[in-house]
$ cat my_file.csv   # CSV, C-alpha atoms
chain,number,residue,atom,x,y,z
A,66,MET,CA,19.1,6.2,13.9
A,67,LYS,CA,18.8,8.1,10.6
A,68,GLN,CA,15.4,8.2,8.8
A,69,GLU,CA,16.9,6.2,5.9
A,70,GLU,CA,17.9,3.4,8.2
A,71,ARG,CA,14.6,3.4,10.1
A,72,LEU,CA,12.6,3.4,6.8
A,73,ALA,CA,14.8,0.6,5.4
A,74,ALA,CA,14.1,-1.6,8.4
A,75,VAL,CA,10.4,-1.0,8.1
A,76,VAL,CA,10.4,-1.7,4.4
A,77,LYS,CA,12.3,-4.9,4.8
A,78,LYS,CA,9.6,-6.3,7.2
A,79,VAL,CA,6.8,-5.0,5.0
A,80,VAL,CA,8.1,-6.6,1.8
A,81,ALA,CA,8.6,-9.9,3.6
A,82,SER,CA,4.9,-10.2,4.4
A,83,ASP,CA,2.3,-10.2,1.7
A,84,GLU,CA,-0.4,-8.9,4.1
A,85,LEU,CA,1.8,-5.9,5.2
A,86,HIS,CA,3.1,-5.3,1.7
A,87,ALA,CA,-0.5,-5.1,0.3
A,88,LYS,CA,-1.4,-2.5,2.9
A,89,TRP,CA,1.8,-0.6,2.3
A,90,LEU,CA,1.1,-0.4,-1.4
A,91,ASN,CA,-2.4,0.7,-0.7
A,92,SER,CA,-1.2,3.3,1.7
A,93,LEU,CA,1.3,4.7,-0.9
A,94,SER,CA,-1.5,4.6,-3.5
A,95,MET,CA,-3.8,6.6,-1.2
A,96,MET,CA,-1.1,9.2,-0.5
A,97,GLU,CA,-0.4,9.6,-4.2
A,98,ASN,CA,-4.1,9.9,-4.9
A,99,THR,CA,-4.4,12.5,-2.2
A,100,GLY,CA,-1.6,14.5,-3.9
A,101,ALA,CA,-3.4,14.2,-7.3
A,102,ARG,CA,-6.6,15.4,-5.8
A,103,LYS,CA,-4.9,18.3,-4.0
A,104,ILE,CA,-3.2,19.4,-7.3
A,105,SER,CA,-6.6,19.2,-9.1
A,106,LYS,CA,-8.2,21.3,-6.4
A,107,TYR,CA,-5.3,23.9,-6.7
A,108,GLU,CA,-5.6,24.1,-10.5
A,109,HIS,CA,-7.0,27.4,-11.8
A,110,PRO,CA,-10.0,26.9,-14.0
A,111,THR,CA,-8.4,29.0,-16.8
A,112,PHE,CA,-4.7,29.7,-16.1
A,113,THR,CA,-3.4,26.2,-15.7
A,114,ASP,CA,-0.2,25.3,-17.5
A,115,ILE,CA,0.9,22.0,-19.0
A,116,ILE,CA,3.4,21.2,-16.1
A,117,VAL,CA,0.6,21.3,-13.5
A,118,LEU,CA,-1.7,19.1,-15.7
A,119,LYS,CA,1.2,16.7,-16.3
A,120,HIS,CA,1.9,16.6,-12.5
A,121,ALA,CA,-1.7,15.9,-11.6
A,122,ALA,CA,-2.0,13.2,-14.3
A,123,GLU,CA,1.2,11.4,-13.2
A,124,GLU,CA,0.3,11.5,-9.5
A,125,ALA,CA,-3.0,9.9,-10.4
A,126,ARG,CA,-1.2,7.3,-12.5
A,127,HIS,CA,1.1,6.5,-9.6
A,128,ALA,CA,-1.9,5.9,-7.4
A,129,TYR,CA,-3.4,3.5,-10.0
A,130,TYR,CA,-0.1,1.8,-10.7
A,131,LEU,CA,0.6,1.1,-7.0
A,132,LYS,CA,-2.9,-0.2,-6.5
A,133,LYS,CA,-2.4,-2.6,-9.5
A,134,GLN,CA,0.8,-3.9,-7.9
A,135,ILE,CA,-1.2,-5.4,-5.1
A,136,GLY,CA,-2.5,-8.0,-7.6
A,137,LYS,CA,1.1,-9.4,-7.8
A,138,LEU,CA,0.9,-10.5,-4.1
A,139,LYS,CA,-0.7,-13.8,-3.0
A,140,ASN,CA,-4.4,-13.7,-1.9
A,141,GLU,CA,-4.3,-10.1,-0.8
A,142,HIS,CA,-7.0,-7.6,-1.7
A,143,CYS,CA,-7.4,-4.0,-0.7
A,144,PRO,CA,-10.6,-2.8,-2.4
A,145,ASP,CA,-10.5,0.8,-1.2
A,146,TYR,CA,-8.7,3.2,1.2
A,147,SER,CA,-10.6,2.2,4.4
A,148,TYR,CA,-8.5,2.2,7.5
A,149,SER,CA,-8.5,-1.6,7.7
A,150,TYR,CA,-6.7,-1.8,4.4
A,151,LEU,CA,-3.9,0.7,5.3
A,152,LEU,CA,-0.8,0.8,7.4
A,153,ALA,CA,-0.8,3.5,10.1
A,154,PRO,CA,-4.0,4.9,8.5
A,155,VAL,CA,-4.4,8.0,10.7
A,156,ASP,CA,-0.8,9.2,10.2
A,157,SER,CA,-0.9,8.2,6.5
A,158,TYR,CA,-4.0,10.4,6.0
A,159,HIS,CA,-2.7,13.2,8.2
A,160,TYR,CA,0.8,13.5,6.6
A,161,LEU,CA,-0.1,15.4,3.4
A,162,HIS,CA,-3.0,17.4,4.8
A,163,GLN,CA,-0.8,18.7,7.6
A,164,LEU,CA,2.1,19.5,5.3
A,165,ASP,CA,-0.4,21.5,3.2
A,166,VAL,CA,-1.7,23.5,6.2
A,167,ASP,CA,1.9,24.2,7.4
A,168,ALA,CA,3.0,25.4,4.0
A,169,CYS,CA,0.1,27.8,3.7
A,170,ARG,CA,0.9,29.2,7.2
A,171,TYR,CA,4.5,29.5,6.3
A,172,ILE,CA,3.9,31.3,3.0
A,173,LYS,CA,1.5,33.7,4.7
A,174,THR,CA,3.8,34.4,7.6
A,175,THR,CA,7.2,34.5,5.7
A,176,LEU,CA,6.1,36.2,2.5
A,177,GLY,CA,2.9,37.9,3.5
A,178,LEU,CA,1.0,36.3,0.6
A,179,GLU,CA,-2.7,35.4,0.7
A,180,GLY,CA,-5.4,33.9,-1.5
A,181,ARG,CA,-4.3,32.5,-4.9
A,182,ALA,CA,-0.7,33.6,-4.5
A,183,MET,CA,-0.4,31.8,-1.1
A,184,LYS,CA,-1.9,28.6,-2.6
A,185,HIS,CA,0.6,28.8,-5.5
A,186,GLY,CA,3.5,29.1,-3.2
A,187,ALA,CA,2.3,26.3,-1.0
A,188,TYR,CA,1.8,24.1,-4.0
A,189,LEU,CA,5.4,24.7,-5.1
A,190,LEU,CA,6.9,24.1,-1.7
A,191,VAL,CA,4.8,21.1,-0.7
A,192,THR,CA,5.5,19.5,-4.1
A,193,TYR,CA,9.2,20.1,-3.9
A,194,ALA,CA,9.4,18.6,-0.4
A,195,ILE,CA,7.3,15.6,-1.4
A,196,GLU,CA,9.5,15.0,-4.5
A,197,VAL,CA,12.7,15.1,-2.4
A,198,ARG,CA,11.0,12.6,0.0
A,199,ALA,CA,9.8,10.4,-2.8
A,200,ASP,CA,13.3,10.1,-4.2
A,201,MET,CA,14.4,8.7,-0.9
A,202,LEU,CA,11.4,6.5,-0.1
A,203,TYR,CA,11.0,4.8,-3.5
A,204,GLY,CA,14.7,4.3,-3.8
A,205,ILE,CA,14.8,2.4,-0.5
A,206,TYR,CA,11.7,0.5,-1.4
A,207,GLN,CA,12.9,-0.6,-4.9
A,208,ALA,CA,16.2,-1.7,-3.4
A,209,GLU,CA,14.4,-4.0,-1.0
A,210,LEU,CA,12.0,-5.3,-3.7
A,211,THR,CA,15.1,-6.2,-5.8
A,212,ALA,CA,16.8,-7.8,-2.8
A,213,GLN,CA,13.8,-10.0,-2.0
A,214,LYS,CA,13.2,-10.8,-5.7
A,215,SER,CA,9.6,-9.4,-5.5
A,216,LYS,CA,7.4,-9.3,-8.5
A,217,VAL,CA,6.5,-5.7,-7.5
A,218,ASN,CA,8.5,-2.8,-8.8
A,219,VAL,CA,8.4,1.0,-8.7
A,220,LYS,CA,11.1,1.9,-11.2
A,221,SER,CA,8.7,3.8,-13.5
A,222,ILE,CA,7.6,6.0,-10.5
A,223,ILE,CA,11.2,6.7,-9.5
A,224,ALA,CA,12.0,8.0,-13.0
A,225,GLU,CA,8.9,10.3,-13.1
A,226,GLU,CA,9.5,11.6,-9.6
A,227,GLU,CA,13.0,12.7,-10.5
A,228,GLY,CA,11.5,14.6,-13.4
A,229,HIS,CA,9.0,16.3,-11.1
A,230,LEU,CA,11.8,17.5,-8.8
A,231,THR,CA,13.6,19.2,-11.7
A,232,GLU,CA,10.4,20.9,-12.8
A,233,MET,CA,9.6,22.1,-9.3
A,234,GLN,CA,13.1,23.5,-8.9
A,235,ARG,CA,12.7,25.5,-12.1
A,236,MET,CA,9.2,26.8,-11.0
A,237,LEU,CA,10.5,27.8,-7.5
A,238,GLN,CA,13.3,29.7,-9.1
A,239,SER,CA,10.7,31.8,-11.0
A,240,PHE,CA,8.6,32.1,-7.8
A,241,HIS,CA,11.2,33.7,-5.5
A,242,THR,CA,14.9,34.7,-5.6
A,243,ASP,CA,15.5,33.0,-2.2
A,244,TRP,CA,13.7,29.8,-3.3
A,245,GLN,CA,16.3,27.5,-1.8
A,246,ARG,CA,15.9,28.8,1.7
A,247,LEU,CA,12.1,28.5,1.4
A,248,ALA,CA,12.5,25.0,0.1
A,249,ASP,CA,14.9,24.0,2.8
A,250,ASP,CA,12.5,25.3,5.5
A,251,MET,CA,9.6,23.3,4.0
A,252,CYS,CA,11.8,20.2,3.9
A,253,ALA,CA,12.5,20.6,7.6
A,254,VAL,CA,8.8,20.8,8.3
A,255,GLU,CA,8.2,17.7,6.2
A,256,HIS,CA,11.1,15.9,7.9
A,257,LYS,CA,9.2,16.1,11.3
A,258,LEU,CA,5.9,14.9,9.8
A,259,PHE,CA,7.7,12.0,8.1
A,260,ASP,CA,9.3,11.1,11.4
A,261,ARG,CA,5.9,10.7,12.9
A,262,TRP,CA,4.8,8.5,10.0
A,263,ILE,CA,7.8,6.2,10.5
A,264,ASP,CA,7.0,6.1,14.3
A,265,ALA,CA,3.5,4.9,13.4
A,266,LEU,CA,4.7,2.4,10.9
A,267,GLU,CA,7.2,1.0,13.5
A,268,LYS,CA,4.4,0.4,16.0
A,269,VAL,CA,2.5,-1.6,13.4
$ encode --input "my_file.csv" --output "structure tokens"
Amino acid sequence: MKQEERLAAVVKKVVASDELHAKWLNSLSMMENTGARKISKYEHPTFTDIIVLKHAAEEARHAYYLKKQIGKLKNEHCPDYSYSYLLAPVDSYHYLHQLDVDACRYIKTTLGLEGRAMKHGAYLLVTYAIEVRADMLYGIYQAELTAQKSKVNVKSIIAEEEGHLTEMQRMLQSFHTDWQRLADDMCAVEHKLFDRWIDALEKV
């Protein structure tokens, strides 16, 4: 079964249960917040451009927005990102961290870059792969929200993630002439990690 089909099946069950839905929203919020914190950590104290600032701000806003959506569900409360308030907590936490590690290793091995240059390349590739994934995930999620007439919606996030993807493509083109091959390689790495995350969600 394709990833899209597996994810759609998981999301359908999640949206049908307020308890699971709250933990799903909290998990997505945590992952968006992790992304925002990673970008902030990556930022250079002096040479940070407006695109990076915009990206960090929007990821943080997504985390807040998703957290606020939990209030639209009946009697559900997820005060923080403790494991008991998340779906597949270990894999949810592990996903972005492992992708970051894999990207740094890939950049160092493939392009021979280290230090700041390696971190910059990893930021671009990880962000690109995440934006490709976000386009798929939030699209499937919104379709199910609409089908079940949920009060929750993620349309504003979808619009911003599409903008992020265009920006990352432009930045990658400036980073390396063979950027598409690099991006495809990183998407293949992300694909495996996402498979593990779906495996964990299916068990829940």
$ closest_residue --input "my_file.csv" --among "A:Ala128, A:Val76, A:Ala87, A:Leu178" --to "Ala101 (chain A)" --atoms "all atoms listed in the file"
A:Ala128
$ residues_around --input "my_file.csv" --residues "Gly186 (chain A)" --least-positions-apart "3" --cutoff "10 Å" --atoms "only C-alpha atoms" --output "JSON, numbers by chain"
{"A": [168, 169, 171, 172, 173, 176, 178, 179, 181, 182, 183, 189, 190, 191, 192, 236, 237, 240, 241, 247]}
$ closest_residue --input "my_file.csv" --among "A:Leu85, A:Gln234, A:Phe259, A:Pro154" --to "Met201 (chain A)" --atoms "only C-alpha atoms"
A:Phe259
$ closest_residue --input "my_file.csv" --among "A:Glu141, A:Asp156, A:Glu255, A:Tyr150" --to "Ala199 (chain A)" --atoms "all atoms listed in the file"
A:Glu255
$ closest_residue --input "my_file.csv" --among "A:Glu196, A:Glu232, A:Asp145, A:Asp249" --to "Leu90 (chain A)" --atoms "all atoms listed in the file"
A:Asp145
$ atom_distance --input "my_file.csv" --atom1 "CA of Ser221 (chain A)" --atom2 "CA of Ser82 (chain A)"
23.0 Å
$ closest_residue --input "my_file.csv" --among "A:Ile205, A:Val269, A:Ala81, A:Ala248" --to "Tyr188 (chain A)" --atoms "all atoms listed in the file"
A:Ala248
$ closest_residue --input "my_file.csv" --among "A:Ile135, A:Ala187, A:Val166, A:Ile116" --to "His86 (chain A)" --atoms "all atoms listed in the file"
A:Ile135
$ atom_distance --input "my_file.csv" --atom1 "CA of Ala74 (chain A)" --atom2 "CA of Glu267 (chain A)"
9.0 Å
